Amino acid sequence: MNTTTQDRPRGRAARTWLPYFLLSPYLLFVLVFVLFPVLFCFFLTFHKWNIIAPMHFIGAANYNRLIHDRLFWKAIGNTLKFLSLHIPLQLGISLLLAQLLNQPIRAKSFFRSSFFLPVIVSGVVVTILWQQLFGFDTGIFNRLLAGIGLPKIGWLVNPDMAIYSIAIMATWKNVGLYVILFLVGLQTVPPQYYEAARLEGASRWQQFFHITLPMINPTIFMVVVLSTIGGFSLFIEPYIMTGGGPLNQTLSAVLYIYKQAFQYYNMGYSATLGFFYALLIMLVVVVQKKMIEKED
Amino acid sequence: MRIQLSIRKSILYAALLIAALSFVYPFIWMMGAAFSPSHEIGKMTVWPAHPTWSNFRSLIGKIPIGRSLINSLLVAGLTTALVLVTGSTVGYALAKMKFRGRQLIFYVIVFTMSLPFQVTLIPNYITMVNLHLVDTYLGLIIPFAVSAFAILMFRQAFQGLPQALIDAARLDGCKEMGIIFRVLWPNIKPTIVTVSILTFIGSWNEVLWPLIVIRNEQLMTMPQLVTLFAVGGRADSQLGVKIAAAVLLALPVMIVFLFFQRLFIQSMASTGMKD
């Protein structure tokens with residue numbers, strides 16, 4: 001290809017130089033906003049620094065502090081609690097709604113769009129809205145409970161409940177996206193499989209567990225990973241709703257990292273938390289991938 | 001048999017309607033609450049008996065919400081434009097040019113996509129301080145001006161185009177920039193739309209980064225301003241005002257979504273399918 005231009009020496013020089021010119025914005029970006037930060041973050045983990053005064057080398061003191069930092073481990077525990085409800089709920093509801101939609105029905109796009117509405121709206125809006133829905137005296141949920149004669153629930157004020165309330169809200173916000181992903185996944189299952197199963201006399205449930213589930217395994221993996229990353233990135237919801245309370249039960253790791261850096265100005269320690277936390281997230285995603293591949 | 005079938009159908013539609021309502025009703029309630037006088041807010045009715053603009057009026061008096069709307073539009077618009085330009089030039093080089101290190105750069109891009117943001121957060125803030133970009137629009141735009149996801153989307157789109165298109169343009173004396181933006185762009189409109197929607201919505205809804213680099217109220221983006229208003233003392237005991245702020249923040253995106261539902265859903269679904 002391009003023999004016409006490559007015959008000319010100047011053309012060839014331009015051609016070899018050109019790709020790097022086109023790539024230059026990306027290379028510069030990676031250098032400044034990816035490579036440097038990762039290295040600098042690692043460097044900071046060995047220092048004490050409040051941004052204004054000079055940096056102090058303190059060896060592994062930040063790591064030692066991290067290991068004994070009850071609040072940080074609590075934040076990670078909170079994230080795991082969040083995920084323990086969020087992932088099953090997310091998978092269950094989005095798969096159910098996708099199954100319902102994956103049939104010859106009218107107004108399919110209306111339903112799809114309604115499920116999708118919370119996905120596009122800012123998390124700030126959703127959080128402010130759900131703060132009212134969760135309200136103890138005037139919230140809609142407690143009014144509904146009272147209406148059928150059940151006791152009120154302290155959605156955000158009960159320390160044992162608050163993180164699960166946030167998990168319910170996060171599920172509501174994201175389910176629409178996963179419905180679409182599952183719909184795409186369900187359409188990749190060849191219809192002949194179901195026909196063959198029906199001829200063999202397989203029930204709907206058998207078809208679901210032996211054909212549908214194995215066939216949409218890649219989508220399940222994607223939903224689990226995206227929900228996990230979302231859960232590990234939890235910030236604005238507790239920031240607005242609870243400030244991490246009650247009793248730090250909704251403190252998320254990102255909120256804690258943010259507070260260490262921008263409330264207490266412990267840049268070195270905050271960087272240590274961020275560095276460790278990022279490694280943890282990557283590890284969790286790899287383990288999840290291995291687990292789901294094994295199930296195949 | 002026929003009756004059984006129609007019962008099944010009705011149950012299906014009832015289930016779908018209940019689900020749809022549970023996603024839409026809270027937003028409708030929110031609209032109503034924003035127009036409610038304070039004594040009516042706790043009610044579950046859709047529309048207040050005595051609707052009023054007072055929540056919005058007092059909101060405008062308290063925070064520069066109009067200015068923040070312009071800030072958000074500006075930041076999201078410029079970010080999107082930059083992501084489109086950088087995404088297509090880098091994507092083009094990766095898809096249609098042979099050069100040393102191409103594979104390596106491809107792997108770097110895939111790696112940066114899976115790198116959790118928590119590791120770069122603090123160092124990037126410090127970079128902003130050193131570049132004097134704290135409290136500037138550029139501080140909100142530059143860290144998002146290049147997107148690994150957009151590059152991969154454009155790379156894929158360009159790979160699907162025939163080389164003949166490029167060769168013909170070159171014979172006509174077209175330069176590379178002309179090839180990318182005048183010859184190839186008209187052929188990959190769906191990709192441009194997808195990248196634009198995702199980048200714009202992503203930038204519009206971003207709130208952690210603005211909280212870190214912007215302290216001047218006049219430069220705050222809308223989600224940031226509303227967040228600080230909601231957690232700060234200024235909205236205390238004024239639920240209606242807080243909800244009015246949330247309504248103003250939701251409205252622009254909702255209106256655009258109403259007109260381009262299919263495009264939005266297709267675009268968002270493609271984020272999950274990058275491989």
# chains A, B, ... in the order shown; residues from 1 in each chain; ligands from 1
$ closest_atom_pairs --of "region 51-72 of chain B" --to "region 214-222 of chain B" --cutoff "12 Å" --atoms "only C-alpha atoms" --output "Markdown table"
| residue | atom | partner | partner_atom | distance |
| --- | --- | --- | --- | --- |
| B:Lys62 | CA | B:Glu217 | CA | 11.4 |
| B:Ile63 | CA | B:Glu217 | CA | 8.3 |
| B:Pro64 | CA | B:Gln218 | CA | 6.9 |
| B:Ile65 | CA | B:Met222 | CA | 6.8 |
| B:Gly66 | CA | B:Met222 | CA | 8.6 |
| B:Arg67 | CA | B:Gln218 | CA | 6.8 |
| B:Ser68 | CA | B:Met222 | CA | 4.8 |
| B:Leu69 | CA | B:Met222 | CA | 5.5 |
| B:Ile70 | CA | B:Thr221 | CA | 8.2 |
| B:Asn71 | CA | B:Thr221 | CA | 5.5 |
| B:Ser72 | CA | B:Thr221 | CA | 4.8 |
$ write_last_selection --atoms "C-alpha atoms" --output "PDB file, in the first residue's frame"
ATOM      1  CA  LYS B  62     -28.919  31.232  47.866  1.00  0.00           C
ATOM      2  CA  ILE B  63     -26.540  29.725  45.305  1.00  0.00           C
ATOM      3  CA  PRO B  64     -25.405  30.701  41.765  1.00  0.00           C
ATOM      4  CA  ILE B  65     -27.302  27.810  40.190  1.00  0.00           C
ATOM      5  CA  GLY B  66     -27.673  29.518  36.794  1.00  0.00           C
ATOM      6  CA  ARG B  67     -23.952  30.156  36.591  1.00  0.00           C
ATOM      7  CA  SER B  68     -23.244  26.533  37.543  1.00  0.00           C
ATOM      8  CA  LEU B  69     -25.482  25.349  34.705  1.00  0.00           C
ATOM      9  CA  ILE B  70     -23.388  27.363  32.247  1.00  0.00           C
ATOM     10  CA  ASN B  71     -20.177  26.040  33.854  1.00  0.00           C
ATOM     11  CA  SER B  72     -21.358  22.465  33.515  1.00  0.00           C
TER      12      SER B  72
END
$ interface_residues --of "chain B" --to "chain A" --cutoff "7 Å" --atoms "only C-alpha atoms" --output "NGL selection string"
:B and (12 or 20 or 23-24 or 30 or 42 or 44 or 86 or 89-90 or 93 or 97 or 99 or 116 or 118-120 or 122-124 or 143 or 146 or 205 or 223 or 227 or 230-231 or 246 or 249-250 or 253 or 261 or 269 or 272)
$ residues_around --residues "Gly240 (chain B)" --least-positions-apart "2" --cutoff "12 Å" --atoms "only C-alpha atoms" --output "MDAnalysis selection string"
(chainID A and resid 128:129 132) or (chainID B and resid 29:42 48 51:59 230 235:238 242:247)
$ residues_around --residues "region 199-208 of chain A" --least-positions-apart "4" --cutoff "12 Å" --atoms "only C-alpha atoms" --output "list of chain:residue names"
A:Leu95, A:Leu96, A:Gln99, A:Leu186, A:Val189, A:Pro191, A:Gln192, A:Tyr193, A:Tyr194, A:Glu195, A:Thr212, A:Leu213, A:Pro214, A:Met215, A:Ile216
$ write_last_selection --atoms "C-alpha atoms" --output "JSON list (two decimals), in the first residue's frame"
[["chain", "number", "residue", "atom", "x", "y", "z"],
["A", 95, "LEU", "CA", -32.06, -10.74, 34.87],
["A", 96, "LEU", "CA", -35.74, -11.00, 35.83],
["A", 99, "GLN", "CA", -36.43, -12.07, 30.87],
["A", 186, "LEU", "CA", -30.23, -13.32, 26.01],
["A", 189, "VAL", "CA", -28.80, -17.77, 22.82],
["A", 191, "PRO", "CA", -33.55, -20.42, 19.68],
["A", 192, "GLN", "CA", -32.92, -23.99, 18.46],
["A", 193, "TYR", "CA", -31.54, -24.85, 21.91],
["A", 194, "TYR", "CA", -34.89, -24.06, 23.51],
["A", 195, "GLU", "CA", -36.79, -25.94, 20.79],
["A", 212, "THR", "CA", -29.95, -19.61, 29.52],
["A", 213, "LEU", "CA", -27.64, -19.27, 32.52],
["A", 214, "PRO", "CA", -24.60, -21.05, 31.00],
["A", 215, "MET", "CA", -25.05, -19.14, 27.72],
["A", 216, "ILE", "CA", -25.12, -15.71, 29.37]]
$ closest_residue --among "A:Tyr256, A:Phe82, A:Phe209, A:Tyr269" --to "Ile58 (chain A)" --atoms "only C-alpha atoms"
A:Tyr269
$ atom_distance --atom1 "CA of Thr199 (chain B)" --atom2 "CA of Pro252 (chain B)"
15.4 Å
$ residues_around --residues "Ile188 (chain B)" --least-positions-apart "5" --cutoff "10 Å" --atoms "only C-alpha atoms" --output "ChimeraX atom specification"
/B:154,157-158,160-161,193
$ write_last_selection --atoms "C-alpha atoms" --output "compact mmCIF listing (two decimals), in the first residue's frame"
# COMPACT_ATOMS: atom_id res chain seq x y z
CA PHE B 154 -12.62 4.95 17.26
CA ALA B 157 -14.72 1.98 13.88
CA PHE B 158 -11.75 2.90 11.68
CA GLY B 160 -14.04 -1.45 9.81
CA LEU B 161 -13.48 1.10 7.02
CA VAL B 193 -22.68 9.84 18.67
$ select_by_dssp --residues "region 172-231 of chain B" --states "alpha helix (DSSP H)" --output "ChimeraX atom specification"
/B:176-178,189-205,208-213,222-231
$ write_last_selection --atoms "C-alpha atoms" --output "CSV table (one decimal), in the first residue's frame"
chain,number,residue,atom,x,y,z
B,176,GLU,CA,-4.0,13.0,7.4
B,177,MET,CA,-6.2,15.4,9.5
B,178,GLY,CA,-8.4,16.0,6.4
B,189,LYS,CA,-21.4,8.7,12.8
B,190,PRO,CA,-22.8,6.1,15.2
B,191,THR,CA,-19.4,5.9,17.0
B,192,ILE,CA,-19.2,9.7,17.2
B,193,VAL,CA,-22.7,9.8,18.7
B,194,THR,CA,-21.9,7.1,21.2
B,195,VAL,CA,-18.6,8.7,22.3
B,196,SER,CA,-20.3,12.1,22.5
B,197,ILE,CA,-23.2,10.9,24.6
B,198,LEU,CA,-21.0,8.9,27.0
B,199,THR,CA,-18.4,11.6,27.5
B,200,PHE,CA,-21.0,14.4,27.9
B,201,ILE,CA,-23.0,12.5,30.5
B,202,GLY,CA,-19.9,11.3,32.2
B,203,SER,CA,-18.5,14.8,32.5
B,204,TRP,CA,-21.9,16.3,33.4
B,205,ASN,CA,-22.4,13.8,36.3
B,208,LEU,CA,-15.7,13.9,43.0
B,209,TRP,CA,-13.1,15.6,40.8
B,210,PRO,CA,-14.8,19.1,40.9
B,211,LEU,CA,-15.1,18.8,44.7
B,212,ILE,CA,-11.3,18.4,44.7
B,213,VAL,CA,-10.2,21.1,42.3
B,222,MET,CA,-23.9,22.0,38.8
B,223,PRO,CA,-23.7,18.6,40.6
B,224,GLN,CA,-20.9,19.9,42.8
B,225,LEU,CA,-22.8,23.1,43.8
B,226,VAL,CA,-26.0,21.0,44.5
B,227,THR,CA,-24.0,18.5,46.5
B,228,LEU,CA,-22.4,21.2,48.7
B,229,PHE,CA,-25.7,22.8,49.1
B,230,ALA,CA,-27.3,19.5,50.1
B,231,VAL,CA,-24.6,18.6,52.7
